[in-house]
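First up is the structure itself, then whatever we jot down about it.
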Number of protein chains: 2
Amino acid sequence: MAHPTEMLAETVDQALRQRARRVVPGGMTGHLNAAALPVGYPQFFQRGDGCRLWDVDGREVIDFMCAWGPNLLGYRHPEVEAAAQAQAALGDCLNGPTPRFVELAETLVDTIAHADWVLFQKNGTDATTVALMVARAATGRRKVLAAQGSYHGAAPWCTPVPAGTTPEDRAHLIRFRYNDVASLEAAAAEAGPDLAAVLLAPIRHDLGIDQELPSPAFAQAARALCDRAGAALVLDEVRTGLRLNMPGSWEPLGIRPDLSAWSKAIANGHALAAVTGTDALRDAAGRIFTTGSFWAGGVAMAAGLATLAVARRDGLVVHLERIGSLFRQGLAEQAVALGIGIRQSGPVQMPLVLFDDDPAWEKGMVFCAEALRHGAYLHPKHNMFLSLAHTEADIAQALRATEAGLQAVRQRFGAG
Amino acid sequence: MAHPTEMLAETVDQALRQRARRVVPGGMTGHLNAAALPVGYPQFFQRGDGCRLWDVDGREVIDFMCAWGPNLLGYRHPEVEAAAQAQAALGDCLNGPTPRFVELAETLVDTIAHADWVLFQKNGTDATTVALMVARAATGRRKVLAAQGSYHGAAPWCTPVPAGTTPEDRAHLIRFRYNDVASLEAAAAEAGPDLAAVLLAPIRHDLGIDQELPSPAFAQAARALCDRAGAALVLDEVRTGLRLNMPGSWEPLGIRPDLSAWSKAIANGHALAAVTGTDALRDAAGRIFTTGSFWAGGVAMAAGLATLAVARRDGLVVHLERIGSLFRQGLAEQAVALGIGIRQSGPVQMPLVLFDDDPAWEKGMVFCAEALRHGAYLHPKHNMFLSLAHTEADIAQALRATEAGLQAVRQRFGAG
């Protein structure tokens, strides 16, 4: 006999959630947990194609989360998938790497301005962790400065939730305020001669607050501080990588890191991460021991090669800027017309829409729930992502959904 | 103009190594680095099929490393790859998991005797790390006991090389001797009321020494100690999982862990890891925050479902035991006939061949180098692996290669 609650399932998504609750703690964990999302958001997905997703109940949406970043060129991009399949027909994890390992390392070194070498991993957290290990091995020091509220992964040293971690896991992490030179300098003073690295996201993209570009003065101060202290400047490009500027998100600022951590989009959704570094840190990078059973797998590397080639050939960043500007401008006009105060911040490639006077994101939840009903999958408090597959027609269609979303906000909360 | 050393490359492998040295620290890092392997071992591979590998120079070998564990059913197993491709045609990483997530969690709970729930990750190191986080969240304690020399991953808390780590990374790790109850009890006494977990490999498979099965008394003592202390018994099944006994490597001993860490073979080479646990730890597992961009990807989970189905249908463990016994017996007879002292230890599914009076593994290196020249890829000091794809004919062919290897040892070092 079915479990009583099972009888209540009216959708495939509900039925899967009920099954999941029996065999997975809480039914789902981590950033993909739909429990914190607006009413009506699905937990489970059937398929993806380009910029579109279908949930397990067959609802089609234009997607603005891009799998939380990995989808850079479009779901199941034909050239990326063809490259992955061609490699899969040869082999993936073998007793050593395939030639794709060398080819991708060479391509990353050619693509990324500061990169003289590459180490590969699987998770973004692997990449940030390995970058700090390289910095510590190079300097023989322990302290790392990181901004308050910045997400750098979910290992014990960096997960935003302390459950299951020990105080010692983050004994050498000193926090400062992003874009605040005095705060950064104070943290460096606290580290003193034990400063190994400054770890920074290229932009501030903390959950639920406006995104911030780094001020040039702040970026310069971080670089100068590391030079002065003999510490490594580490950019966490896991979320931003390739989308803002392919040679590196801080290249337009003229500031180069010593190490960068990459993941998410570099193989268009295939599991891959990388640390890139300068020659000065090459020896240290060769002395640490980190590895994983699947880190040299050829399929994700073939996908990465195709991703970089397509991104370059098809003018990825220019496309994302154009499409992102259309979306931002359209939303801004709708908000003005309806008299609703919204804030859009950060690069247009990574949209974020927050509402004025909305400290608990209640307006955002209503906005997103209604937009979803009209076919656009948005996020009420996390930065979103665009892909090469989003067309002007997709943006126009999504803007009809956001208009419905804004009208719902106005109906529920009034103008303002 | 080509770099001078490039002109020396006589093989594709050498040419790739030279290119790799420019863009990867040391040319290769981690466990797949061929620098420590015998003369003639390739670094780069072109393809795999069943139990066979082809290096980039087209040399075919019968493989006894199975990609250091992930290859359980044979490289490019047709049913596993068909399942992976069918899922890839729908989508891999989306905004949430696919139905495969629930199906695989249910299948693992059905397969693994102690498992009431599952959390998924990508790396074996993720799984051991998450298991300890669950134990710490559940107990509110910090200390973990682990055996001297046991490999549990390559994060700062466990990597065998200290470069790039801090003393605080392993502040709460207390070591004991595997299979030594008094040593385990002493470590527990040192932890006192702060004991969160005992972390154990199901067999002792440390690099370069004979493998050891756990004594029943030791396994019982570990279980009793955890029960008494209210700590979690964690089995690291990353290397052993599914090969020795599908419901769990300690099931034949009648000892069940509270948590187990799985990876390598569970999706036949597709990147996947998992932690399984008991109901008593379900709440704690839901309270920790760990996640990764690719952890819910559907393709590896589809591969995992197919892997478990094939392993069960085709009698994986029985096959591995039969094939492994043939290999062990054949080698033993060859060694006796040639008057060479070898030791074979551990389960036959995970062969290890060490030579008497060979503290620096020099005989092992000669043995493996010659066996490779005759078409068998063995390892001189790390446990090896067998797959469902190894046939009696493959073992017979490999034994001709091991005979040549043993003769080379005798020629170089004499009998004894």
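Chains: A, B, ... in order of the structure tokens. Residues: from 1 per chain. Ligands: from 1, in order shown.
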(message) Excluding Phe294 of chain B and its own-chain neighbours fewer than 5 positions away, which residues fall within 10 Å of it when counting only C-alpha atoms? Please give them as a ChimeraX atom specification.
(response) /A:67-68,70,122-124,263-264,269-272 /B:92-94,97,120-122,271-272,300
So that I have them on file, write out the residues from the current selection with N, CA, C and O atoms, as a compact mmCIF listing (two decimals), in the first residue's frame.
# COMPACT_ATOMS: atom_id res chain seq x y z
N ALA A 67 21.51 26.47 -15.08
CA ALA A 67 22.01 25.43 -14.17
C ALA A 67 22.90 26.04 -13.08
O ALA A 67 23.81 25.38 -12.58
N TRP A 68 22.60 27.30 -12.70
CA TRP A 68 23.39 28.05 -11.73
C TRP A 68 24.80 28.33 -12.25
O TRP A 68 25.75 28.41 -11.47
N PRO A 70 26.74 26.72 -15.09
CA PRO A 70 27.44 25.89 -16.07
C PRO A 70 26.98 26.07 -17.52
O PRO A 70 27.79 25.91 -18.44
N LYS A 122 37.57 18.87 -10.51
CA LYS A 122 36.17 18.64 -10.89
C LYS A 122 35.23 19.73 -10.40
O LYS A 122 34.35 20.17 -11.12
N ASN A 123 35.33 20.13 -9.12
CA ASN A 123 34.40 21.08 -8.51
C ASN A 123 35.01 22.48 -8.43
O ASN A 123 36.22 22.62 -8.26
N GLY A 124 34.15 23.48 -8.43
CA GLY A 124 34.62 24.83 -8.13
C GLY A 124 35.33 24.89 -6.78
O GLY A 124 36.35 25.56 -6.62
N SER A 263 35.55 27.01 -12.94
CA SER A 263 34.74 25.80 -13.01
C SER A 263 33.46 26.14 -13.77
O SER A 263 33.52 26.84 -14.78
N LYS A 264 32.34 25.66 -13.29
CA LYS A 264 31.01 25.92 -13.87
C LYS A 264 30.99 25.90 -15.39
O LYS A 264 30.76 24.86 -15.99
N GLY A 269 28.87 22.74 -18.80
CA GLY A 269 28.04 21.84 -18.00
C GLY A 269 28.67 20.49 -17.72
O GLY A 269 28.20 19.76 -16.85
N HIS A 270 29.70 20.13 -18.47
CA HIS A 270 30.45 18.92 -18.11
C HIS A 270 31.30 19.25 -16.89
O HIS A 270 31.84 20.35 -16.76
N ALA A 271 31.45 18.26 -16.00
CA ALA A 271 32.11 18.52 -14.72
C ALA A 271 33.61 18.74 -14.91
O ALA A 271 34.34 17.82 -15.28
N LEU A 272 34.04 19.96 -14.66
CA LEU A 272 35.45 20.30 -14.82
C LEU A 272 35.75 21.56 -14.02
O LEU A 272 34.91 22.45 -13.89
N ASP B 92 22.06 17.17 -18.78
CA ASP B 92 22.93 16.70 -17.71
C ASP B 92 22.72 17.61 -16.49
O ASP B 92 21.90 17.33 -15.64
N CYS B 93 23.44 18.74 -16.43
CA CYS B 93 23.26 19.69 -15.34
C CYS B 93 22.17 20.67 -15.73
O CYS B 93 22.31 21.40 -16.72
N LEU B 94 21.10 20.70 -14.97
CA LEU B 94 19.95 21.59 -15.22
C LEU B 94 19.75 22.44 -13.96
O LEU B 94 20.67 22.54 -13.15
N PRO B 97 17.87 18.53 -10.06
CA PRO B 97 18.18 17.16 -10.49
C PRO B 97 17.14 16.63 -11.48
O PRO B 97 16.07 17.20 -11.64
N PHE B 120 24.82 12.87 -2.77
CA PHE B 120 25.71 12.72 -3.92
C PHE B 120 26.77 13.81 -3.99
O PHE B 120 26.52 14.96 -3.59
N GLN B 121 27.96 13.45 -4.49
CA GLN B 121 29.04 14.39 -4.76
C GLN B 121 29.74 13.97 -6.07
O GLN B 121 29.21 13.15 -6.80
N LYS B 122 30.95 14.50 -6.29
CA LYS B 122 31.71 14.14 -7.49
C LYS B 122 32.97 13.33 -7.19
O LYS B 122 33.26 12.37 -7.89
N ALA B 271 31.99 10.56 -13.45
CA ALA B 271 32.35 11.22 -12.19
C ALA B 271 31.16 11.27 -11.24
O ALA B 271 30.17 11.97 -11.51
N LEU B 272 31.26 10.53 -10.16
CA LEU B 272 30.18 10.48 -9.19
C LEU B 272 30.73 9.99 -7.86
O LEU B 272 31.64 9.16 -7.83
N ALA B 300 25.87 11.14 -15.14
CA ALA B 300 26.61 10.22 -14.28
C ALA B 300 25.64 9.35 -13.47
O ALA B 300 25.94 8.18 -13.18
(message) Distance cut-off 6 Å, counting only C-alpha atoms - which residues of chain B neighbour chain A? Return them as a VMD selection string.
(response) chain B and resid 20 23 to 26 30 32 43 to 48 67 90 to 91 93 to 98 102 105 117 to 118 133 to 134 136 to 137 154 161 163 to 164 168 269 271 282 286 288 to 291 294
(message) List the spatial neighbours of Leu331 of chain A as a PyMOL selection string - criterion: any atom at most 12 Å away, only C-alpha atoms, same-chain residues fewer than 5 positions off excluded.
(response) chain A and resi 324-326+336-344+348+351-355+367+395-396+398-406
(message) Using DSSP secondary structure from the backbone, list all strand (DSSP E) positions within segment 66-222 of chain A, as a PyMOL selection string.
(response) chain A and resi 117-121+143-147+173-176+195-200
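Among the residues of segment 237-278 of chain B, backbone DSSP assigns helix (DSSP H, G or I) to Glu251, Pro252, Leu253, Lys264, Ala265, Ile266 and Ala267 of chain B.
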Take the residues from that selection and put them in a file with N, CA, C and O atoms, as a PDB file, in the first residue's frame.
ATOM      1  N   GLU B 251      29.871  -6.429   5.194  1.00  0.00           N
ATOM      2  CA  GLU B 251      28.692  -7.268   5.432  1.00  0.00           C
ATOM      3  C   GLU B 251      29.074  -8.705   5.780  1.00  0.00           C
ATOM      4  O   GLU B 251      28.496  -9.285   6.699  1.00  0.00           O
ATOM      5  N   PRO B 252      30.052  -9.301   5.073  1.00  0.00           N
ATOM      6  CA  PRO B 252      30.422 -10.676   5.439  1.00  0.00           C
ATOM      7  C   PRO B 252      30.933 -10.783   6.872  1.00  0.00           C
ATOM      8  O   PRO B 252      30.876 -11.860   7.471  1.00  0.00           O
ATOM      9  N   LEU B 253      31.454  -9.684   7.406  1.00  0.00           N
ATOM     10  CA  LEU B 253      31.904  -9.687   8.809  1.00  0.00           C
ATOM     11  C   LEU B 253      30.741  -9.480   9.781  1.00  0.00           C
ATOM     12  O   LEU B 253      30.912  -9.610  10.993  1.00  0.00           O
ATOM     13  N   LYS B 264      34.649   6.340  -7.321  1.00  0.00           N
ATOM     14  CA  LYS B 264      35.339   5.517  -8.310  1.00  0.00           C
ATOM     15  C   LYS B 264      34.394   4.696  -9.184  1.00  0.00           C
ATOM     16  O   LYS B 264      33.991   5.144 -10.252  1.00  0.00           O
ATOM     17  N   ALA B 265      34.038   3.481  -8.728  1.00  0.00           N
ATOM     18  CA  ALA B 265      33.405   2.511  -9.612  1.00  0.00           C
ATOM     19  C   ALA B 265      31.896   2.648  -9.708  1.00  0.00           C
ATOM     20  O   ALA B 265      31.286   1.993 -10.546  1.00  0.00           O
ATOM     21  N   ILE B 266      31.264   3.485  -8.893  1.00  0.00           N
ATOM     22  CA  ILE B 266      29.791   3.406  -8.810  1.00  0.00           C
ATOM     23  C   ILE B 266      29.080   3.856 -10.077  1.00  0.00           C
ATOM     24  O   ILE B 266      27.900   3.586 -10.242  1.00  0.00           O
ATOM     25  N   ALA B 267      29.763   4.553 -10.977  1.00  0.00           N
ATOM     26  CA  ALA B 267      29.154   4.894 -12.272  1.00  0.00           C
ATOM     27  C   ALA B 267      30.088   4.455 -13.403  1.00  0.00           C
ATOM     28  O   ALA B 267      30.066   5.029 -14.486  1.00  0.00           O
TER      29      ALA B 267
END
(request) Pick out the residues sitting within 10 Å of Ala360 of chain B, and hand them over as a list in words; count only C-alpha atoms, and ignore anything fewer than 3 positions along from it in its own chain. (result) Gly208, Asp357, Lys363, Gly364, Met365 and Lys381 of chain B
